[in-house]
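*Asks:* The file below is model_37.csv, CSV, C-alpha atoms:
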chain,number,residue,atom,x,y,z
A,1,MET,CA,2.5,12.9,-23.4
A,2,GLN,CA,4.2,10.7,-26.0
A,3,GLU,CA,7.5,12.5,-25.4
A,4,LEU,CA,7.1,12.2,-21.6
A,5,ALA,CA,6.3,8.5,-21.7
A,6,ALA,CA,8.9,7.5,-24.4
A,7,HIS,CA,11.9,9.5,-23.1
A,8,HIS,CA,11.5,10.9,-19.7
A,9,VAL,CA,10.1,8.3,-17.4
A,10,GLY,CA,12.1,5.4,-16.0
A,11,GLY,CA,9.2,3.1,-15.1
A,12,GLN,CA,7.4,5.2,-12.4
A,13,LEU,CA,6.0,8.7,-12.7
A,14,SER,CA,5.1,10.5,-9.5
A,15,VAL,CA,2.0,12.6,-9.9
A,16,ALA,CA,0.3,14.7,-7.2
A,17,PRO,CA,-3.5,14.6,-7.4
A,18,GLU,CA,-3.3,15.1,-3.6
A,19,HIS,CA,-7.0,14.6,-3.0
A,20,VAL,CA,-10.4,13.7,-4.6
A,21,SER,CA,-12.8,15.9,-2.6
A,22,PRO,CA,-13.9,18.9,-4.8
A,23,ARG,CA,-14.0,21.1,-1.7
A,24,VAL,CA,-10.5,20.2,-0.6
A,25,LEU,CA,-9.1,20.4,-4.2
A,26,GLU,CA,-10.7,23.9,-4.5
A,27,LYS,CA,-8.7,25.0,-1.4
A,28,MET,CA,-5.6,23.6,-3.0
A,29,LYS,CA,-6.4,25.4,-6.3
A,30,LYS,CA,-6.3,22.1,-8.2
A,31,PRO,CA,-8.6,20.7,-10.8
A,32,GLY,CA,-11.1,17.9,-10.0
A,33,ILE,CA,-9.9,14.3,-9.8
A,34,GLU,CA,-11.3,13.7,-13.3
A,35,SER,CA,-8.2,15.6,-14.6
A,36,PHE,CA,-5.9,13.1,-12.9
A,37,GLU,CA,-8.0,10.2,-14.2
A,38,ARG,CA,-7.7,11.5,-17.7
A,39,PHE,CA,-4.0,12.0,-17.3
A,40,GLN,CA,-3.6,8.4,-16.0
A,41,GLU,CA,-5.4,7.1,-19.1
A,42,MET,CA,-3.3,9.2,-21.5
A,43,PHE,CA,-0.1,8.2,-19.7
A,44,ALA,CA,-1.0,4.5,-19.9
A,45,CYS,CA,-1.8,4.8,-23.6
A,46,ALA,CA,1.4,6.7,-24.4
A,47,SER,CA,3.5,4.2,-22.4
A,48,ARG,CA,1.9,1.3,-24.3
A,49,ASP,CA,2.5,3.0,-27.6
A,50,ALA,CA,6.2,3.5,-26.5
A,51,GLY,CA,6.4,-0.2,-25.7
A,52,LYS,CA,7.1,0.5,-22.1
A,53,GLU,CA,5.6,-0.9,-18.9
A,54,GLN,CA,5.3,2.2,-16.7
A,55,TYR,CA,3.2,3.2,-13.8
A,56,ASP,CA,1.9,6.5,-12.3
A,57,ILE,CA,2.5,6.7,-8.6
A,58,PRO,CA,-0.1,9.1,-7.1
A,59,TYR,CA,0.8,11.2,-4.1
A,60,PHE,CA,-1.9,12.1,-1.6
A,61,ILE,CA,-2.0,14.4,1.4
A,62,SER,CA,-3.8,14.2,4.7
A,63,GLY,CA,-4.8,17.1,7.0
A,64,HIS,CA,-4.8,19.8,4.4
A,65,PRO,CA,-6.9,22.9,5.3
A,66,GLY,CA,-10.5,22.2,4.4
A,67,SER,CA,-10.1,18.4,4.7
A,68,THR,CA,-12.4,16.7,7.2
A,69,LEU,CA,-12.7,13.0,8.2
A,70,GLU,CA,-15.6,12.8,5.7
A,71,ASP,CA,-13.3,14.1,2.9
A,72,MET,CA,-10.7,11.5,3.9
A,73,ILE,CA,-13.3,8.8,3.8
A,74,GLU,CA,-14.2,9.9,0.3
A,75,LEU,CA,-10.5,9.7,-0.7
A,76,ALA,CA,-10.1,6.2,0.9
A,77,GLN,CA,-13.1,4.9,-0.9
A,78,TRP,CA,-11.7,6.3,-4.2
A,79,LEU,CA,-8.4,4.7,-3.5
A,80,LYS,CA,-10.0,1.3,-2.8
A,81,GLN,CA,-12.3,1.6,-5.8
A,82,ASN,CA,-9.3,2.3,-8.0
A,83,GLY,CA,-7.0,-0.4,-6.5
A,84,LYS,CA,-4.6,2.2,-5.1
A,85,ARG,CA,-2.6,1.5,-1.9
A,86,PRO,CA,-0.4,4.5,-1.3
A,87,ARG,CA,2.8,3.6,0.6
A,88,GLN,CA,3.7,7.2,1.4
A,89,VAL,CA,1.2,9.7,2.7
A,90,GLN,CA,2.2,13.3,3.3
A,91,ASP,CA,0.8,14.9,6.4
A,92,PHE,CA,0.1,18.6,5.7
A,93,ILE,CA,2.9,20.9,6.9
A,94,PRO,CA,2.3,24.6,6.6
A,95,THR,CA,4.8,26.1,4.2
A,96,PRO,CA,5.8,29.7,4.8
A,97,MET,CA,4.2,32.3,2.5
A,98,SER,CA,1.6,29.8,1.1
A,99,MET,CA,-2.1,30.2,0.9
A,100,ALA,CA,-2.5,26.8,2.7
A,101,ALA,CA,-0.4,28.1,5.6
A,102,CYS,CA,-2.6,31.2,5.8
A,103,MET,CA,-5.7,29.0,6.0
A,104,TYR,CA,-4.0,26.7,8.5
A,105,TYR,CA,-3.1,29.5,10.9
A,106,SER,CA,-6.0,31.9,10.4
A,107,GLY,CA,-8.8,29.4,9.9
A,108,TYR,CA,-10.1,31.4,6.9
A,109,ASP,CA,-9.8,31.2,3.2
A,110,PRO,CA,-7.9,34.4,2.2
A,111,PHE,CA,-9.8,34.6,-1.1
A,112,THR,CA,-13.3,34.3,0.2
A,113,LEU,CA,-12.8,35.2,3.9
A,114,GLN,CA,-15.0,32.1,4.7
A,115,PRO,CA,-14.0,29.9,7.7
A,116,VAL,CA,-12.0,26.8,6.7
A,117,TYR,CA,-11.9,23.7,8.8
A,118,THR,CA,-8.4,22.6,9.7
A,119,ALA,CA,-7.3,19.5,11.6
A,120,THR,CA,-4.7,20.9,14.0
A,121,GLY,CA,-4.7,18.2,16.7
A,122,LEU,CA,-2.3,15.3,16.5
A,123,ARG,CA,-5.1,12.8,17.1
A,124,GLU,CA,-7.2,13.9,14.1
A,125,LYS,CA,-4.2,14.1,11.9
A,126,LYS,CA,-3.4,10.5,12.7
A,127,LEU,CA,-7.0,9.5,12.0
A,128,GLN,CA,-7.0,11.2,8.6
A,129,LYS,CA,-3.7,9.5,7.7
A,130,ALA,CA,-5.0,6.1,8.8
A,131,LEU,CA,-7.9,6.4,6.4
A,132,LEU,CA,-5.4,6.8,3.5
A,133,LEU,CA,-3.6,3.7,4.7
A,134,TYR,CA,-6.9,1.8,5.1
A,135,TRP,CA,-5.3,-1.3,3.6
A,136,ASN,CA,-2.5,-1.5,6.2
A,137,PRO,CA,-3.4,-3.8,9.2
A,138,GLU,CA,-1.3,-1.5,11.5
A,139,GLN,CA,-3.7,1.4,10.7
A,140,TRP,CA,-6.9,-0.6,11.1
A,141,PRO,CA,-7.6,0.5,14.7
A,142,LEU,CA,-7.2,4.2,13.9
A,143,ALA,CA,-9.1,3.8,10.7
A,144,ARG,CA,-12.0,2.2,12.6
A,145,GLU,CA,-11.9,5.0,15.1
A,146,ALA,CA,-12.1,7.6,12.3
A,147,LEU,CA,-15.0,5.7,10.7
A,148,ARG,CA,-16.9,5.5,13.9
A,149,GLU,CA,-16.3,9.2,14.7
A,150,ALA,CA,-17.6,10.1,11.3
A,151,GLY,CA,-20.7,7.9,11.7
A,152,ARG,CA,-19.5,5.5,8.9
A,153,GLU,CA,-19.6,2.2,10.7
A,154,ASP,CA,-21.1,0.8,7.5
A,155,LEU,CA,-17.5,0.8,6.1
A,156,ILE,CA,-16.2,-1.5,8.9
A,157,GLY,CA,-16.7,-5.1,7.9
A,158,ARG,CA,-15.9,-7.7,5.3
A,159,GLY,CA,-18.1,-6.5,2.4
A,160,PRO,CA,-16.8,-5.2,-0.9
A,161,ARG,CA,-17.6,-1.6,0.1
A,162,CYS,CA,-15.9,-1.9,3.5
A,163,LEU,CA,-12.6,-0.2,4.1
A,164,VAL,CA,-11.4,-2.1,7.1
A,165,PRO,CA,-12.4,-5.5,8.7
A,166,PRO,CA,-14.0,-5.6,12.1
A,167,GLU,CA,-11.9,-5.8,15.2
A,168,THR,CA,-10.6,-9.3,16.0
A,169,PRO,CA,-10.9,-10.8,19.5
A,170,ALA,CA,-7.1,-10.5,19.9
A,171,GLU,CA,-7.2,-6.8,19.0
A,172,ARG,CA,-10.1,-6.3,21.5
A,173,ALA,CA,-8.2,-8.1,24.2
A,174,ARG,CA,-5.0,-6.0,23.6
A,175,ARG,CA,-7.0,-2.8,23.6
A,176,GLU,CA,-8.9,-3.7,26.8
A,177,ARG,CA,-5.7,-5.0,28.6
A,178,PRO,CA,-4.9,-2.7,31.6
A,179,ARG,CA,-1.9,-0.6,31.1
A,180,VAL,CA,0.8,-0.7,33.7
Show this structure as structure tokens.
*Replies:*
Amino acid sequence: MQELAAHHVGGQLSVAPEHVSPRVLEKMKKPGIESFERFQEMFACASRDAGKEQYDIPYFISGHPGSTLEDMIELAQWLKQNGKRPRQVQDFIPTPMSMAACMYYSGYDPFTLQPVYTATGLREKKLQKALLLYWNPEQWPLAREALREAGREDLIGRGPRCLVPPETPAERARRERPRV
């Protein structure tokens, strides 16, 4: 880690924890989020020891096989709790010859032969992505919709646990305006 921080990072290190849900990470064949949190701590210490101000830039994915709205809410809550505001979010795209593509197209985990939920519709993919971008006012209408659909209206408001603020009168008027 000392070598990496001292000689191979130019200020920002992209790291791909991709998710926080144990169920989704298991489908990705990745360790729990605790591994990423330990890595962050080690990298921060090694950067400090090297006399460098450096940051880890985590990369997250929406719509991966196994990921539900509830899993994305868990990820959004983790992001908020940890002060993370990802600017780039990758929507899952099936890669040929990958286990994730197999799950996406078949609906089954090829190792366990158990059914795997997969968001295939454009609407749910947008809802999942909006939850990762919970901090962005442009995403608030979709994030609210996702939270309502998941039965998590408790996360809509102005409290410290809330992910998005309530709808404003101007937003409501825009939404209710008849379309021509």
*Asks:* Skip stretch 5-20 of chain A itself and residues of its chain fewer than 5 positions away, then list as number ranges by chain all residues within 7 Å of it, counting all atoms listed in the file.
*Replies:* A: 25, 32-33, 36, 43, 46-47, 50, 53-61, 75
*Asks:* I'd like the neighbourhood of stretch 134-143 of chain A as a ChimeraX atom specification, where a residue qualifies if any of its atoms comes within 10 Å (using all atoms listed in the file), though same-chain residues fewer than 5 positions away should be ignored.
*Replies:* /A:73,76-77,79-80,84-87,123-124,126-129,148-149,156,162-167,171-172,175
*Asks:* To one decimal place, how far is atom CA of A:Tyr104 from atom CA of A:Leu155 in Å?
*Replies:* 29.3 Å
*Asks:* I'd like to know which of A:Gly63, A:Arg152, A:Arg179, A:Pro22 is closest to A:Gly121, using all atoms listed in the file.
*Replies:* A:Gly63
*Asks:* Atom CA of A:Thr118 to atom CA of A:Thr95: how many Å, to one decimal?
*Replies:* 14.7 Å
*Asks:* Taking all listed atoms of stretch 32-36 of chain A, build the axis-aligned box, pad each of the six sides by 5 Å, then write its centre and edge lengths in Å to one decimal as JSON.
*Replies:*
{"center_x": -8.6, "center_y": 15.5, "center_z": -12.2, "size_x": 15.4, "size_y": 14.8, "size_z": 14.8}
*Asks:* Measuring between all atoms listed in the file, which one of A:Met72, A:Met1, A:Leu147, A:Met28 shows the shortest distance to A:Gln40?
*Replies:*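 Checking each candidate against A:Gln40, we get A:Met1 as the closest.
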*Asks:* Using only C-alpha atoms, pick whichever of A:His64, A:Arg174, A:Arg144, A:Arg158 has the shortest atom-to-atom distance to A:Lys27.
*Replies:*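 Distance minimum relative to A:Lys27 lands on A:His64.
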*Asks:* What does the distance from atom CA of A:Lys30 to atom CA of A:Trp78 come to in Å, to one decimal?
*Replies:*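 Atom-to-atom, atom CA of A:Lys30 to atom CA of A:Trp78, that is 17.2 Å.
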*Asks:* Write out as a VMD selection string each polymer residue whose atoms come within 12 Å of A:Ala101, counting only C-alpha atoms; drop sequence neighbours fewer than 2 positions from it.
*Replies:* chain A and resid 27 to 28 63 to 66 92 to 99 103 to 110 116 118 120
*Asks:* So which one's closest to A:Ala100, A:Glu26, A:Asp49, A:Glu41, A:Asp71? Using all atoms listed in the file, please.
*Replies:*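 So, comparing all the options, the nearest one is A:Glu26.
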